[in-house]
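File shown here: start25.cif, holding mmCIF, C-alpha atoms.
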data_final
#
loop_
_atom_site.group_PDB
_atom_site.id
_atom_site.type_symbol
_atom_site.label_atom_id
_atom_site.label_comp_id
_atom_site.auth_asym_id
_atom_site.auth_seq_id
_atom_site.Cartn_x
_atom_site.Cartn_y
_atom_site.Cartn_z
ATOM 1 C CA MET A 15 -235.166 -33.045 58.042
ATOM 2 C CA LEU A 16 -238.053 -31.608 60.047
ATOM 3 C CA ALA A 17 -235.630 -30.281 62.645
ATOM 4 C CA LEU A 18 -233.770 -28.428 59.890
ATOM 5 C CA ALA A 19 -237.032 -27.073 58.478
ATOM 6 C CA LYS A 20 -238.040 -25.761 61.907
ATOM 7 C CA HIS A 21 -234.599 -24.231 62.387
ATOM 8 C CA PHE A 22 -234.757 -22.476 59.002
ATOM 9 C CA LEU A 23 -238.297 -21.294 59.752
ATOM 10 C CA ALA A 24 -237.222 -19.691 63.037
ATOM 11 C CA THR A 25 -234.082 -18.202 61.490
ATOM 12 C CA TYR A 26 -235.813 -16.647 58.486
ATOM 13 C CA ALA A 27 -238.874 -15.517 60.445
ATOM 14 C CA GLN A 28 -236.568 -13.580 62.748
ATOM 15 C CA GLN A 29 -234.387 -12.297 59.890
ATOM 16 C CA GLU A 30 -237.389 -11.155 57.836
ATOM 17 C CA GLN A 31 -239.312 -9.963 60.916
ATOM 18 C CA ARG A 32 -242.302 -12.159 60.089
ATOM 19 C CA ALA A 33 -244.868 -13.610 62.507
ATOM 20 C CA VAL A 34 -244.754 -17.123 61.032
ATOM 21 C CA SER A 35 -243.614 -19.499 63.778
ATOM 22 C CA SER A 36 -244.714 -23.051 62.948
ATOM 23 C CA PHE A 37 -245.959 -25.565 60.385
ATOM 24 C CA ASP A 38 -249.423 -27.063 60.625
ATOM 25 C CA GLY A 39 -249.797 -30.829 61.075
ATOM 26 C CA ASP A 40 -250.574 -31.590 57.424
ATOM 27 C CA CYS A 41 -247.591 -29.551 56.308
ATOM 28 C CA LEU A 42 -245.258 -31.380 58.713
ATOM 29 C CA HIS A 43 -246.648 -34.733 57.610
ATOM 30 C CA GLU A 44 -246.148 -33.989 53.910
ATOM 31 C CA MET A 45 -242.695 -32.503 54.492
ATOM 32 C CA SER A 46 -241.623 -35.707 56.223
ATOM 33 C CA ARG A 47 -242.889 -37.776 53.257
ATOM 34 C CA TYR A 48 -241.391 -35.595 50.514
ATOM 35 C CA PRO A 49 -238.151 -37.109 49.107
ATOM 36 C CA TRP A 50 -236.211 -33.779 49.048
ATOM 37 C CA PRO A 51 -234.204 -34.784 45.998
ATOM 38 C CA GLY A 52 -231.875 -31.777 46.192
ATOM 39 C CA ASN A 53 -229.760 -30.857 49.139
ATOM 40 C CA VAL A 54 -230.110 -28.878 52.339
ATOM 41 C CA ARG A 55 -229.957 -25.666 50.314
ATOM 42 C CA GLN A 56 -233.140 -26.719 48.476
ATOM 43 C CA LEU A 57 -234.938 -27.101 51.792
ATOM 44 C CA GLU A 58 -233.483 -23.848 53.124
ATOM 45 C CA ASN A 59 -234.530 -21.884 50.021
ATOM 46 C CA LEU A 60 -238.031 -23.346 50.164
ATOM 47 C CA ILE A 61 -238.466 -22.453 53.834
ATOM 48 C CA HIS A 62 -237.205 -18.930 53.174
ATOM 49 C CA ARG A 63 -239.798 -18.536 50.402
ATOM 50 C CA LEU A 64 -242.497 -19.908 52.708
ATOM 51 C CA VAL A 65 -241.594 -17.392 55.416
ATOM 52 C CA LEU A 66 -241.853 -14.556 52.901
ATOM 53 C CA GLN A 67 -245.153 -15.788 51.433
ATOM 54 C CA THR A 68 -247.014 -16.841 54.583
ATOM 55 C CA GLN A 69 -249.359 -14.177 55.929
ATOM 56 C CA GLY A 70 -250.324 -15.837 59.210
ATOM 57 C CA SER A 71 -248.393 -17.429 62.018
ATOM 58 C CA GLN A 72 -248.476 -20.952 60.610
ATOM 59 C CA VAL A 73 -247.332 -22.484 57.317
ATOM 60 C CA ALA A 74 -250.131 -24.655 55.938
ATOM 61 C CA PHE A 75 -249.843 -27.562 53.524
ATOM 62 C CA GLU A 76 -251.332 -25.359 50.789
ATOM 63 C CA HIS A 77 -248.403 -22.951 51.220
ATOM 64 C CA LEU A 78 -245.932 -25.830 50.923
ATOM 65 C CA LYS A 79 -247.672 -27.284 47.893
ATOM 66 C CA HIS A 80 -247.689 -23.951 46.065
ATOM 67 C CA ALA A 81 -244.049 -23.255 46.921
ATOM 68 C CA ILE A 82 -243.022 -26.627 45.475
ATOM 69 C CA LEU A 83 -245.211 -26.173 42.406
ATOM 70 C CA ASP A 84 -243.830 -22.658 41.802
ATOM 71 C CA SER A 85 -241.097 -23.541 39.347
ATOM 72 C CA ASP A 86 -240.201 -23.564 35.646
ATOM 73 C CA LEU A 87 -241.668 -26.435 33.693
ATOM 74 C CA SER A 88 -239.098 -27.999 31.427
ATOM 75 C CA ASP A 89 -235.363 -28.623 31.328
ATOM 76 C CA GLY A 90 -235.449 -29.160 27.575
ATOM 77 C CA THR A 91 -233.215 -32.241 27.628
ATOM 78 C CA THR A 92 -235.861 -34.537 26.185
ATOM 79 C CA ALA A 93 -238.992 -34.223 24.124
ATOM 80 C CA VAL A 94 -241.567 -33.109 26.639
ATOM 81 C CA SER A 95 -245.272 -33.418 26.000
ATOM 82 C CA SER A 96 -247.791 -31.021 27.515
ATOM 83 C CA ARG A 97 -248.808 -33.886 29.826
ATOM 84 C CA ASP A 98 -245.242 -34.077 31.140
ATOM 85 C CA MET A 99 -245.015 -30.341 31.708
ATOM 86 C CA GLN A 100 -246.419 -30.490 35.204
ATOM 87 C CA PRO A 101 -244.078 -29.270 37.954
ATOM 88 C CA SER A 102 -245.063 -31.918 40.493
ATOM 89 C CA ARG A 103 -247.450 -34.802 40.845
ATOM 90 C CA PHE A 104 -249.597 -35.235 43.945
ATOM 91 C CA ASP A 105 -250.901 -38.684 44.601
ATOM 92 C CA GLU A 106 -251.920 -40.797 47.537
ATOM 93 C CA GLY A 107 -248.238 -41.404 48.276
ATOM 94 C CA GLY A 108 -247.491 -37.714 48.785
ATOM 95 C CA LEU A 109 -245.479 -35.314 46.675
ATOM 96 C CA VAL A 110 -243.552 -36.744 43.749
ATOM 97 C CA GLU A 111 -241.297 -34.519 41.681
ATOM 98 C CA PRO A 112 -240.194 -35.522 38.175
ATOM 99 C CA LEU A 113 -236.452 -36.119 37.788
ATOM 100 C CA TRP A 114 -236.011 -33.431 35.132
ATOM 101 C CA LEU A 115 -237.468 -30.823 37.493
ATOM 102 C CA THR A 116 -235.171 -31.937 40.291
ATOM 103 C CA GLU A 117 -232.186 -31.527 37.980
ATOM 104 C CA LYS A 118 -233.253 -28.080 36.789
ATOM 105 C CA ARG A 119 -233.950 -26.886 40.310
ATOM 106 C CA ALA A 120 -230.561 -28.160 41.532
ATOM 107 C CA ILE A 121 -228.740 -26.377 38.702
ATOM 108 C CA GLU A 122 -230.615 -23.121 39.223
ATOM 109 C CA GLU A 123 -230.062 -23.207 42.984
ATOM 110 C CA ALA A 124 -226.348 -23.929 42.534
ATOM 111 C CA ILE A 125 -226.014 -20.997 40.121
ATOM 112 C CA ASP A 126 -227.877 -18.747 42.564
ATOM 113 C CA ALA A 127 -225.715 -19.939 45.456
ATOM 114 C CA CYS A 128 -222.616 -19.087 43.406
ATOM 115 C CA ASP A 129 -223.913 -15.615 42.495
ATOM 116 C CA GLY A 130 -224.270 -16.563 38.832
ATOM 117 C CA ASN A 131 -220.809 -18.129 38.479
ATOM 118 C CA ILE A 132 -221.537 -21.154 36.301
ATOM 119 C CA ASN A 133 -218.018 -22.578 36.570
ATOM 120 C CA LYS A 134 -218.232 -22.560 40.365
ATOM 121 C CA ALA A 135 -221.771 -24.002 40.286
ATOM 122 C CA ALA A 136 -220.567 -26.775 37.974
ATOM 123 C CA GLY A 137 -217.838 -27.606 40.473
ATOM 124 C CA LEU A 138 -220.383 -27.870 43.294
ATOM 125 C CA LEU A 139 -222.593 -30.084 41.148
ATOM 126 C CA GLU A 140 -219.619 -32.151 39.960
ATOM 127 C CA VAL A 141 -220.426 -31.645 36.272
ATOM 128 C CA ALA A 142 -218.633 -29.874 33.444
ATOM 129 C CA PRO A 143 -219.557 -26.204 32.938
ATOM 130 C CA SER A 144 -220.439 -27.097 29.340
ATOM 131 C CA THR A 145 -223.195 -29.369 30.686
ATOM 132 C CA ILE A 146 -224.788 -26.448 32.500
ATOM 133 C CA TYR A 147 -224.433 -24.115 29.520
ATOM 134 C CA ARG A 148 -225.993 -26.746 27.244
ATOM 135 C CA LYS A 149 -228.932 -27.251 29.598
ATOM 136 C CA ILE A 150 -229.529 -23.510 29.969
ATOM 137 C CA GLN A 151 -229.538 -23.184 26.193
ATOM 138 C CA SER A 152 -231.989 -26.061 25.852
ATOM 139 C CA TRP A 153 -234.313 -24.467 28.447
ATOM 140 C CA LYS A 154 -234.300 -21.252 26.411
ATOM 141 C CA SER A 155 -235.060 -23.203 23.218
ATOM 142 C CA VAL A 156 -238.068 -24.887 24.804
ATOM 143 C CA SER A 157 -239.443 -21.674 26.292
ATOM 144 C CA ASP A 158 -239.078 -19.866 22.944
ATOM 145 C CA SER A 159 -241.154 -22.465 21.077
#

Is it possible to express this structure as structure tokens?
Amino acid sequence: MLALAKHFLATYAQQEQRAVSSFDGDCLHEMSRYPWPGNVRQLENLIHRLVLQTQGSQVAFEHLKHAILDSDLSDGTTAVSSRDMQPSRFDEGGLVEPLWLTEKRAIEEAIDACDGNINKAAGLLEVAPSTIYRKIQSWKSVSDS
């Protein structure tokens, strides 16, 4: 996983003409401990965002933490309390992401990867398109309340 992260960093730094060229030690350590519940595209998208957001030559753990925390809060599939509406938990074991957030992120990334085509995204995720439509509607309901 770290080899892929380094590859994506070099690729996107060159593509975006950015000076960022490495991860600091804490960042590498936490990246190796993070469960990466999505797929390679999740990692690739995160690294691309880090390249765009990093001002210096090195991605620090703080950059990684903020990139992971920078997400919507609820998938709306269950009753969510304000305590549950935290994008990630940081504890002595490293980064832990709630399952509902992993699911929402995977759906959003699949839709983005398919240029908004929900039927195609559903095929990639191996779910019915109606499942995605229902979840999107539930996210809107939660954000409207």

Could you work out an axis-aligned bounding box for all listed atoms of region 30-33 of chain A, with 4 Å added on each of the six sides, and give its centre and edge lengths in Å to one decimal, as JSON?
{"center_x": -241.1, "center_y": -11.8, "center_z": 60.2, "size_x": 15.5, "size_y": 11.6, "size_z": 12.7}

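The spacing separating CA of Gly39 (chain A) from CA of Phe75 (chain A) amounts to 8.2 Å.
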
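When only C-alpha atoms are used to measure the gap to Leu42 (chain A), the shortest distance among A:Leu115, A:Ala120, A:Ile132, A:Leu18 belongs to A:Leu18.
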
Tell me, in Å to one decimal, how far CA of Val54 (chain A) is from CA of Leu23 (chain A).
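These atoms are spaced 13.4 Å apart.
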
Give as a list of chain:residue names the residues that the PyMOL selection byres ((chain A and resi 78) around 9) matches when applied to the coordinates above.
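On the file shown, the PyMOL selection byres ((chain A and resi 78) around 9) covers A:Cys41, A:Glu44, A:Met45, A:Leu60, A:Ile61, A:Leu64, A:Val73, A:Ala74, A:Phe75, A:Glu76, A:His77, A:Lys79, A:His80, A:Ala81, A:Ile82, A:Leu83.
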
CA of Glu30 (chain A) to CA of Gln67 (chain A), distance in Å rounded to a single decimal
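If I compute the distance from CA of Glu30 (chain A) to CA of Gln67 (chain A), I get 11.1 Å.
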
Taking 4 positions as the minimum chain separation for residues in the same chain, which residues sit within 10 Å of region 133-138 of chain A when counting only C-alpha atoms? Answer as a ChimeraX atom specification.
/A:120-129,142-147
